[in-house]
$ cat protein_8.csv   # CSV, C-alpha atoms
chain,number,residue,atom,x,y,z
A,1,LEU,CA,6.1,-27.7,-11.0
A,2,ALA,CA,3.1,-26.5,-13.0
A,3,TYR,CA,1.0,-29.5,-11.8
A,4,SER,CA,2.0,-28.7,-8.2
A,5,VAL,CA,1.0,-25.1,-8.6
A,6,VAL,CA,-2.4,-26.1,-10.0
A,7,ALA,CA,-3.0,-28.7,-7.3
A,8,VAL,CA,-2.1,-26.2,-4.5
A,9,GLY,CA,-4.3,-23.6,-6.0
A,10,ALA,CA,-7.3,-26.0,-6.3
A,11,VAL,CA,-6.9,-27.2,-2.7
A,12,THR,CA,-6.7,-23.7,-1.3
A,13,SER,CA,-9.7,-22.6,-3.4
A,14,LEU,CA,-11.8,-25.5,-2.1
A,15,VAL,CA,-10.8,-24.8,1.5
A,16,PHE,CA,-11.9,-21.2,1.1
A,17,LEU,CA,-15.2,-22.1,-0.6
A,18,PHE,CA,-16.3,-24.8,1.8
A,19,GLY,CA,-14.2,-24.1,5.0
A,20,ILE,CA,-14.9,-20.4,5.4
A,21,ASN,CA,-18.3,-19.1,6.3
A,22,GLU,CA,-18.0,-15.7,4.7
A,23,VAL,CA,-21.5,-14.5,5.6
A,24,ALA,CA,-21.1,-15.3,9.3
A,25,LEU,CA,-17.6,-13.7,9.4
A,26,THR,CA,-19.0,-10.5,7.7
A,27,LYS,CA,-21.8,-10.3,10.3
A,28,ASP,CA,-19.3,-10.8,13.1
A,29,CYS,CA,-17.0,-8.1,11.7
A,30,HIS,CA,-19.9,-5.7,11.6
A,31,LEU,CA,-20.8,-6.4,15.2
A,32,LYS,CA,-17.2,-5.9,16.3
A,33,LEU,CA,-17.0,-2.7,14.3
A,34,MET,CA,-20.1,-1.3,16.1
A,35,ALA,CA,-18.6,-2.3,19.4
A,36,LEU,CA,-15.4,-0.5,18.5
A,37,LYS,CA,-17.3,2.6,17.5
A,38,SER,CA,-19.1,2.7,20.8
A,39,SER,CA,-15.8,2.1,22.7
A,40,LEU,CA,-14.1,5.0,20.9
A,41,GLN,CA,-17.1,7.3,21.5
A,42,LEU,CA,-17.0,6.5,25.2
A,43,GLN,CA,-13.2,7.0,25.3
A,44,ALA,CA,-13.5,10.3,23.6
A,45,SER,CA,-16.1,11.4,26.2
A,46,VAL,CA,-13.8,10.3,29.0
A,47,ASP,CA,-10.8,12.1,27.5
A,48,MET,CA,-12.8,15.3,27.1
A,49,SER,CA,-14.1,15.1,30.6
A,50,ASP,CA,-10.6,14.7,32.0
A,51,LEU,CA,-9.4,17.6,29.9
A,52,ALA,CA,-12.2,19.8,31.2
A,53,ALA,CA,-11.4,18.8,34.8
A,54,SER,CA,-7.7,19.8,34.3
A,55,ASN,CA,-8.7,23.3,33.1
A,56,VAL,CA,-11.0,24.2,36.0
A,57,GLU,CA,-8.8,27.2,36.9
A,58,LYS,CA,-8.9,28.4,33.3
A,59,PRO,CA,-12.5,29.5,32.6
A,60,GLU,CA,-11.7,30.8,29.1
A,61,GLU,CA,-10.3,27.4,28.1
A,62,THR,CA,-12.9,25.4,30.0
A,63,GLY,CA,-15.6,26.9,27.9
A,64,LYS,CA,-13.9,25.8,24.8
A,65,VAL,CA,-13.3,22.3,26.1
A,66,LYS,CA,-16.9,21.9,27.0
A,67,GLU,CA,-17.9,23.1,23.5
A,68,LEU,CA,-15.5,20.7,22.0
A,69,GLU,CA,-16.7,17.8,24.1
A,70,GLY,CA,-20.3,18.6,23.2
A,71,GLY,CA,-19.5,18.7,19.5
A,72,LEU,CA,-17.8,15.3,19.7
A,73,LEU,CA,-20.7,13.6,21.5
A,74,ARG,CA,-23.3,15.2,19.3
A,75,ASN,CA,-21.3,14.3,16.2
A,76,GLU,CA,-21.3,18.0,15.2
A,77,GLN,CA,-18.6,19.9,13.3
A,78,VAL,CA,-15.9,21.3,15.6
A,79,PRO,CA,-13.7,24.3,14.6
A,80,GLU,CA,-10.7,23.1,12.8
A,81,GLU,CA,-8.2,24.8,15.0
A,82,ASP,CA,-9.6,23.0,18.1
A,83,LEU,CA,-8.6,19.6,16.8
A,84,GLU,CA,-5.1,18.4,16.1
A,85,MET,CA,-6.1,16.0,13.3
A,86,SER,CA,-3.4,13.7,12.1
A,87,TYR,CA,-5.3,11.7,9.5
A,88,LEU,CA,-2.3,9.9,8.2
A,89,ASP,CA,-0.3,9.7,11.4
A,90,ASP,CA,2.5,7.2,11.1
A,91,SER,CA,3.0,6.5,14.8
A,92,PRO,CA,2.5,2.8,15.5
A,93,THR,CA,1.0,3.5,18.9
A,94,LYS,CA,-0.4,7.0,19.1
A,95,LEU,CA,-4.2,7.4,18.6
A,96,HIS,CA,-5.6,10.9,18.3
A,97,VAL,CA,-9.2,11.7,19.4
A,98,SER,CA,-9.6,13.2,15.9
A,99,ASP,CA,-8.6,9.9,14.3
A,100,ALA,CA,-11.3,8.1,16.2
A,101,ARG,CA,-13.8,10.8,15.3
A,102,LYS,CA,-13.4,10.5,11.5
A,103,GLY,CA,-15.9,7.9,10.5
A,104,SER,CA,-15.8,6.0,13.8
A,105,ILE,CA,-17.7,8.3,16.1
A,106,GLY,CA,-21.1,8.6,14.5
A,107,GLU,CA,-22.6,6.4,11.8
A,108,HIS,CA,-21.8,8.5,8.7
A,109,ILE,CA,-22.0,6.5,5.5
A,110,MET,CA,-19.7,8.0,3.0
A,111,ASP,CA,-20.9,8.0,-0.6
A,112,TRP,CA,-18.5,6.7,-3.2
A,113,ARG,CA,-18.7,10.1,-5.1
A,114,ASP,CA,-17.3,11.8,-2.0
A,115,TRP,CA,-14.0,10.1,-2.5
A,116,PHE,CA,-13.3,12.2,-5.6
A,117,LYS,CA,-13.2,15.2,-3.3
A,118,GLU,CA,-10.5,13.7,-1.1
A,119,GLN,CA,-7.0,14.7,-1.9
A,120,GLU,CA,-5.3,11.7,-0.3
A,121,PHE,CA,-7.5,9.5,-2.5
A,122,TYR,CA,-5.4,10.5,-5.5
A,123,TYR,CA,-2.1,10.6,-3.7
A,124,PHE,CA,-2.3,7.0,-2.5
A,125,ALA,CA,-3.9,5.7,-5.7
A,126,ILE,CA,-0.6,6.6,-7.4
A,127,VAL,CA,1.4,5.2,-4.5
A,128,TYR,CA,-0.4,1.9,-4.8
A,129,MET,CA,-0.1,2.0,-8.6
A,130,CYS,CA,3.6,2.5,-8.3
A,131,ALA,CA,4.0,-0.4,-5.9
A,132,ARG,CA,2.1,-2.7,-8.2
A,133,ILE,CA,4.2,-1.5,-11.2
A,134,THR,CA,7.3,-2.4,-9.1
A,135,VAL,CA,6.0,-6.0,-8.6
A,136,ASN,CA,4.2,-6.7,-11.9
A,137,VAL,CA,6.6,-5.2,-14.5
A,138,CYS,CA,9.7,-6.8,-12.9
A,139,SER,CA,8.0,-10.2,-12.6
A,140,SER,CA,6.8,-10.1,-16.2
A,141,MET,CA,10.2,-9.1,-17.7
A,142,LEU,CA,12.4,-11.2,-15.4
A,143,GLN,CA,12.2,-14.3,-17.6
A,144,PHE,CA,13.2,-12.4,-20.7
A,145,TYR,CA,16.1,-10.8,-18.7
A,146,LEU,CA,17.3,-14.2,-17.6
A,147,VAL,CA,17.2,-15.7,-21.0
A,148,ASN,CA,18.5,-12.8,-23.2
A,149,VAL,CA,20.7,-10.9,-20.8
A,150,LEU,CA,22.2,-13.5,-18.5
A,151,ARG,CA,21.8,-16.3,-21.2
A,152,ILE,CA,20.7,-18.8,-18.7
A,153,ALA,CA,18.8,-20.7,-21.4
A,154,THR,CA,18.8,-20.7,-25.2
A,155,THR,CA,15.8,-20.3,-27.4
A,156,SER,CA,16.2,-23.7,-28.9
A,157,VAL,CA,13.2,-26.0,-28.3
A,158,GLN,CA,15.5,-29.1,-28.4
A,159,GLU,CA,17.3,-28.2,-25.1
A,160,ALA,CA,15.7,-28.8,-21.7
A,161,THR,CA,14.7,-25.8,-19.7
A,162,PRO,CA,17.3,-25.0,-17.1
A,163,LEU,CA,16.3,-25.3,-13.5
A,164,GLU,CA,17.5,-21.8,-12.8
A,165,LEU,CA,14.6,-20.4,-14.7
A,166,ALA,CA,12.3,-21.8,-12.0
A,167,LEU,CA,14.5,-21.4,-9.0
A,168,ILE,CA,15.2,-17.7,-9.5
A,169,PRO,CA,11.4,-16.6,-9.5
A,170,ILE,CA,10.7,-19.1,-6.7
A,171,THR,CA,13.5,-17.4,-4.7
A,172,LEU,CA,12.0,-14.0,-5.4
A,173,PHE,CA,8.5,-15.1,-4.4
A,174,THR,CA,9.8,-16.9,-1.3
A,175,PHE,CA,11.4,-13.8,0.1
A,176,SER,CA,8.3,-11.8,-0.9
A,177,VAL,CA,6.4,-14.0,1.5
A,178,ALA,CA,9.2,-13.5,4.1
A,179,GLY,CA,8.9,-9.7,3.7
A,180,SER,CA,5.2,-9.9,4.3
A,181,ILE,CA,5.7,-12.0,7.4
A,182,THR,CA,8.3,-9.7,8.9
A,183,LEU,CA,6.4,-6.5,8.0
A,184,ASP,CA,4.4,-6.5,11.3
A,185,VAL,CA,7.6,-6.7,13.3
A,186,ILE,CA,9.2,-3.9,11.3
A,187,GLN,CA,6.1,-1.6,11.7
A,188,LYS,CA,6.1,-2.1,15.5
A,189,ARG,CA,9.5,-0.4,15.6
A,190,VAL,CA,9.3,2.2,12.8
A,191,ASP,CA,6.6,4.3,11.1
A,192,LYS,CA,5.1,3.5,7.7
A,193,LYS,CA,7.3,6.1,5.9
A,194,THR,CA,10.4,4.5,7.2
A,195,CYS,CA,9.1,1.1,6.4
A,196,TYR,CA,8.5,2.0,2.8
A,197,THR,CA,12.0,3.6,2.7
A,198,ILE,CA,13.5,0.3,3.8
A,199,GLY,CA,11.7,-1.5,1.0
A,200,LEU,CA,12.8,1.2,-1.5
A,201,ILE,CA,16.4,0.7,-0.5
A,202,PHE,CA,16.2,-3.1,-1.2
A,203,VAL,CA,14.5,-2.4,-4.5
A,204,ILE,CA,17.2,0.1,-5.6
A,205,PHE,CA,20.0,-2.2,-4.5
A,206,SER,CA,18.6,-5.1,-6.5
A,207,ALA,CA,18.0,-2.9,-9.5
A,208,ALA,CA,21.6,-1.7,-9.5
A,209,LEU,CA,22.7,-5.3,-9.3
A,210,LEU,CA,20.5,-6.3,-12.2
A,211,MET,CA,21.9,-3.4,-14.3
A,212,ILE,CA,25.5,-4.6,-14.0
A,213,LEU,CA,25.2,-8.4,-14.1
A,214,ASP,CA,26.2,-10.3,-17.1
A,215,HIS,CA,26.6,-14.0,-18.1
A,216,GLN,CA,29.9,-14.3,-16.3
A,217,TYR,CA,28.4,-13.3,-12.9
A,218,LYS,CA,24.9,-14.7,-13.4
A,219,ASN,CA,24.8,-16.5,-10.1
A,220,TRP,CA,24.6,-13.1,-8.3
A,221,VAL,CA,21.1,-12.9,-9.7
A,222,TYR,CA,20.0,-15.0,-6.7
A,223,LEU,CA,21.1,-12.1,-4.4
A,224,ALA,CA,19.1,-9.7,-6.6
A,225,ALA,CA,16.1,-12.0,-6.4
A,226,ILE,CA,16.3,-12.1,-2.6
A,227,THR,CA,16.6,-8.3,-2.1
A,228,LEU,CA,14.0,-7.6,-4.8
A,229,GLY,CA,11.4,-10.0,-3.4
A,230,PHE,CA,11.8,-8.5,0.1
A,231,GLY,CA,11.8,-4.9,-1.1
A,232,GLN,CA,8.7,-5.4,-3.4
A,233,SER,CA,6.8,-7.0,-0.6
A,234,VAL,CA,7.6,-4.3,2.0
A,235,CYS,CA,6.6,-1.5,-0.5
A,236,LEU,CA,3.4,-3.2,-1.6
A,237,ASN,CA,2.2,-4.1,1.8
A,238,THR,CA,3.0,-0.6,3.2
A,239,ALA,CA,1.0,0.9,0.3
A,240,LEU,CA,-1.9,-1.3,1.3
A,241,ASN,CA,-1.6,-0.1,4.8
A,242,TYR,CA,-1.8,3.5,3.6
A,243,ILE,CA,-5.0,2.7,1.8
A,244,SER,CA,-6.5,1.3,5.0
A,245,ASP,CA,-5.5,4.5,6.7
A,246,VAL,CA,-7.2,6.6,4.0
A,247,ILE,CA,-10.4,4.6,4.4
A,248,GLY,CA,-10.3,4.4,8.2
A,249,LEU,CA,-13.5,3.2,9.6
A,250,ARG,CA,-15.5,4.6,6.7
A,251,GLY,CA,-15.7,1.1,5.3
A,252,SER,CA,-19.1,1.3,3.8
A,253,SER,CA,-17.6,2.7,0.7
A,254,GLY,CA,-14.1,1.2,1.2
A,255,ALA,CA,-14.8,-1.4,-1.5
A,256,PHE,CA,-15.0,1.4,-4.1
A,257,VAL,CA,-11.6,2.7,-3.0
A,258,PHE,CA,-10.0,-0.7,-3.4
A,259,GLY,CA,-11.8,-1.3,-6.7
A,260,ALA,CA,-10.7,2.1,-8.1
A,261,TYR,CA,-7.1,1.5,-7.0
A,262,SER,CA,-7.1,-2.0,-8.5
A,263,PHE,CA,-8.4,-0.7,-11.8
A,264,THR,CA,-5.8,2.1,-11.8
A,265,ASP,CA,-2.9,-0.3,-11.2
A,266,LYS,CA,-4.1,-2.9,-13.8
A,267,PHE,CA,-4.5,-0.1,-16.4
A,268,ALA,CA,-1.1,1.3,-15.7
A,269,ASN,CA,0.6,-2.1,-15.8
A,270,GLY,CA,-1.2,-3.1,-19.0
A,271,ILE,CA,-0.2,0.1,-20.8
A,272,ILE,CA,3.5,-0.2,-19.7
A,273,LEU,CA,3.7,-3.9,-20.7
A,274,TYR,CA,1.8,-3.4,-23.9
A,275,PHE,CA,4.1,-0.7,-25.3
A,276,ALA,CA,7.2,-2.5,-23.9
A,277,MET,CA,6.4,-5.7,-25.7
A,278,ALA,CA,5.3,-4.0,-28.9
A,279,SER,CA,8.5,-2.1,-29.2
A,280,ASP,CA,11.2,-3.0,-31.7
A,281,SER,CA,13.8,-3.1,-28.9
A,282,PHE,CA,11.9,-6.0,-27.2
A,283,ARG,CA,11.5,-7.9,-30.5
A,284,ASP,CA,15.2,-7.5,-31.2
A,285,LYS,CA,16.0,-8.7,-27.6
A,286,ASP,CA,18.0,-5.6,-26.9
A,287,GLU,CA,19.9,-6.2,-23.6
A,288,GLY,CA,19.9,-2.6,-22.6
A,289,PHE,CA,16.1,-2.3,-23.1
A,290,LEU,CA,15.5,-5.5,-21.0
A,291,ARG,CA,17.7,-4.2,-18.2
A,292,ILE,CA,15.8,-0.9,-18.1
A,293,MET,CA,12.4,-2.7,-18.0
A,294,THR,CA,13.5,-5.2,-15.4
A,295,ALA,CA,15.5,-3.0,-13.1
A,296,VAL,CA,15.1,0.7,-13.8
A,297,VAL,CA,11.3,1.0,-14.3
A,298,PRO,CA,10.4,-0.9,-11.0
A,299,ALA,CA,13.0,1.2,-9.1
A,300,VAL,CA,11.7,4.5,-10.5
A,301,ALA,CA,8.1,3.5,-9.7
A,302,SER,CA,9.1,2.7,-6.1
A,303,ALA,CA,10.9,6.0,-5.8
A,304,VAL,CA,7.9,7.9,-7.2
A,305,GLY,CA,5.6,6.2,-4.6
A,306,TRP,CA,8.1,7.1,-1.9
A,307,ALA,CA,8.2,10.8,-3.0
A,308,LEU,CA,4.4,11.0,-2.9
A,309,ILE,CA,4.3,9.5,0.6
A,310,LEU,CA,6.7,12.3,1.7
A,311,ILE,CA,4.5,14.9,0.0
A,312,ALA,CA,1.3,13.5,1.4
A,313,GLY,CA,2.8,13.5,4.9
A,314,LYS,CA,3.5,17.3,4.6
A,315,LYS,CA,0.6,18.5,2.4
A,316,VAL,CA,-2.3,16.2,3.2
A,317,THR,CA,-3.2,18.3,6.3
A,318,PRO,CA,-6.6,19.3,7.7
A,319,GLU,CA,-6.2,22.8,6.1
A,320,GLN,CA,-5.1,21.6,2.7
A,321,SER,CA,-7.0,18.4,2.0
A,322,SER,CA,-10.1,16.6,3.0
A,323,LYS,CA,-10.6,17.9,6.5
A,324,ASN,CA,-13.6,20.1,5.6
A,325,SER,CA,-15.1,17.4,3.5
A,326,ILE,CA,-14.9,14.9,6.3
A,327,ALA,CA,-16.1,17.3,9.0
A,328,LYS,CA,-19.0,18.2,6.8
A,329,HIS,CA,-20.3,14.7,6.7
A,330,LEU,CA,-19.8,14.0,10.4
$ encode --input "protein_8.csv" --output "structure tokens"
Amino acid sequence: LAYSVVAVGAVTSLVFLFGINEVALTKDCHLKLMALKSSLQLQASVDMSDLAASNVEKPEETGKVKELEGGLLRNEQVPEEDLEMSYLDDSPTKLHVSDARKGSIGEHIMDWRDWFKEQEFYYFAIVYMCARITVNVCSSMLQFYLVNVLRIATTSVQEATPLELALIPITLFTFSVAGSITLDVIQKRVDKKTCYTIGLIFVIFSAALLMILDHQYKNWVYLAAITLGFGQSVCLNTALNYISDVIGLRGSSGAFVFGAYSFTDKFANGIILYFAMASDSFRDKDEGFLRIMTAVVPAVASAVGWALILIAGKKVTPEQSSKNSIAKHL
């Protein structure tokens, strides 16, 4: 199995290095981004013109519409109350003019330091960190859980390693891939908050199952692996989608956001695993401790991420977060 993994990794790496022209693809993406910005600007102009035409009989509103249209086309700041900004709108189809305006209409290049002034930058850094904790901590502790709690294998070096120790993680990763594949279908029918909630339900169900399983009912761990893999994948990919929403089309400094989030999640996971494996409970192979690390910690992390998504959906508003900062740069 190890040789197979190494071979597949080597082949895919070679395909990426020699089969993908990254420079040409980057240039093509830049050209398409410019075309999209022009299209959004034109659409905004048309929408404002239609809105102005529909208010011909309302002079007091027509003046405001013209002022709003002029501000959009000149890329100037528009009064906050005149725009219904929905920066983190979850609707799978709805596109607000204000969403197109932030970073897409105009050529503003956001400096990486400006991200520290954005409230949602911190919210979704924690959401992504929690999603990574759900995946990494559980995956790291799962083998210890299987050996010491479910007693699938002994610690004797003379006995062959049971096939279950490979099949259970493979089952988890297989259904993680399945979750990633079906995520697009799910998000076409529900918003991102609901999507993350679905993943959380699967994670909590699998955590409850892992907490009550013992050696006598060890085969039920396959069901836990299926639900856990699917739930982890849905939560993690939804968190990544939220990061894309936060960045929007301000991609010039988007690499900093992903880099900062990646650093945060690796730091948090490293701290948790370091103290877990340095503890006396881990060295003593305490079953209760292993259950908590494998099941409870990932479930709690997913729940914290879910709670922050709910808070961000209510509190990350134009008046309370980064609206003034974004408008200032446009």
$ closest_atom_pairs --input "protein_8.csv" --of "region 270-306 of chain A" --to "region 231-247 of chain A" --cutoff "12 Å" --atoms "only C-alpha atoms" --output "CSV"
residue,atom,partner,partner_atom,distance
A:Pro298,CA,A:Gln232,CA,9.0
A:Ala299,CA,A:Gln232,CA,9.7
A:Ala301,CA,A:Cys235,CA,10.6
A:Ser302,CA,A:Cys235,CA,7.4
A:Ala303,CA,A:Cys235,CA,10.1
A:Val304,CA,A:Cys235,CA,11.6
A:Gly305,CA,A:Ala239,CA,8.6
A:Trp306,CA,A:Cys235,CA,8.8
$ atom_distance --input "protein_8.csv" --atom1 "CA of Lys193 (chain A)" --atom2 "CA of Val127 (chain A)"
12.0 Å
$ residues_around --input "protein_8.csv" --residues "region 280-282 of chain A" --least-positions-apart "6" --cutoff "10 Å" --atoms "all atoms listed in the file" --output "list of chain:residue names"
A:Phe144, A:Gly288, A:Phe289, A:Leu290, A:Met293
$ atom_distance --input "protein_8.csv" --atom1 "CA of Ile292 (chain A)" --atom2 "CA of Tyr145 (chain A)"
9.9 Å
$ atom_distance --input "protein_8.csv" --atom1 "CA of Ala255 (chain A)" --atom2 "CA of Met34 (chain A)"
18.4 Å
$ residues_around --input "protein_8.csv" --residues "region 258-268 of chain A" --least-positions-apart "6" --cutoff "9 Å" --atoms "all atoms listed in the file" --output "VMD selection string"
chain A and resid 124 to 126 128 to 133 243
$ closest_residue --input "protein_8.csv" --among "A:Gln43, A:Thr294, A:Gln187, A:Ser4" --to "Val149 (chain A)" --atoms "only C-alpha atoms"
A:Thr294
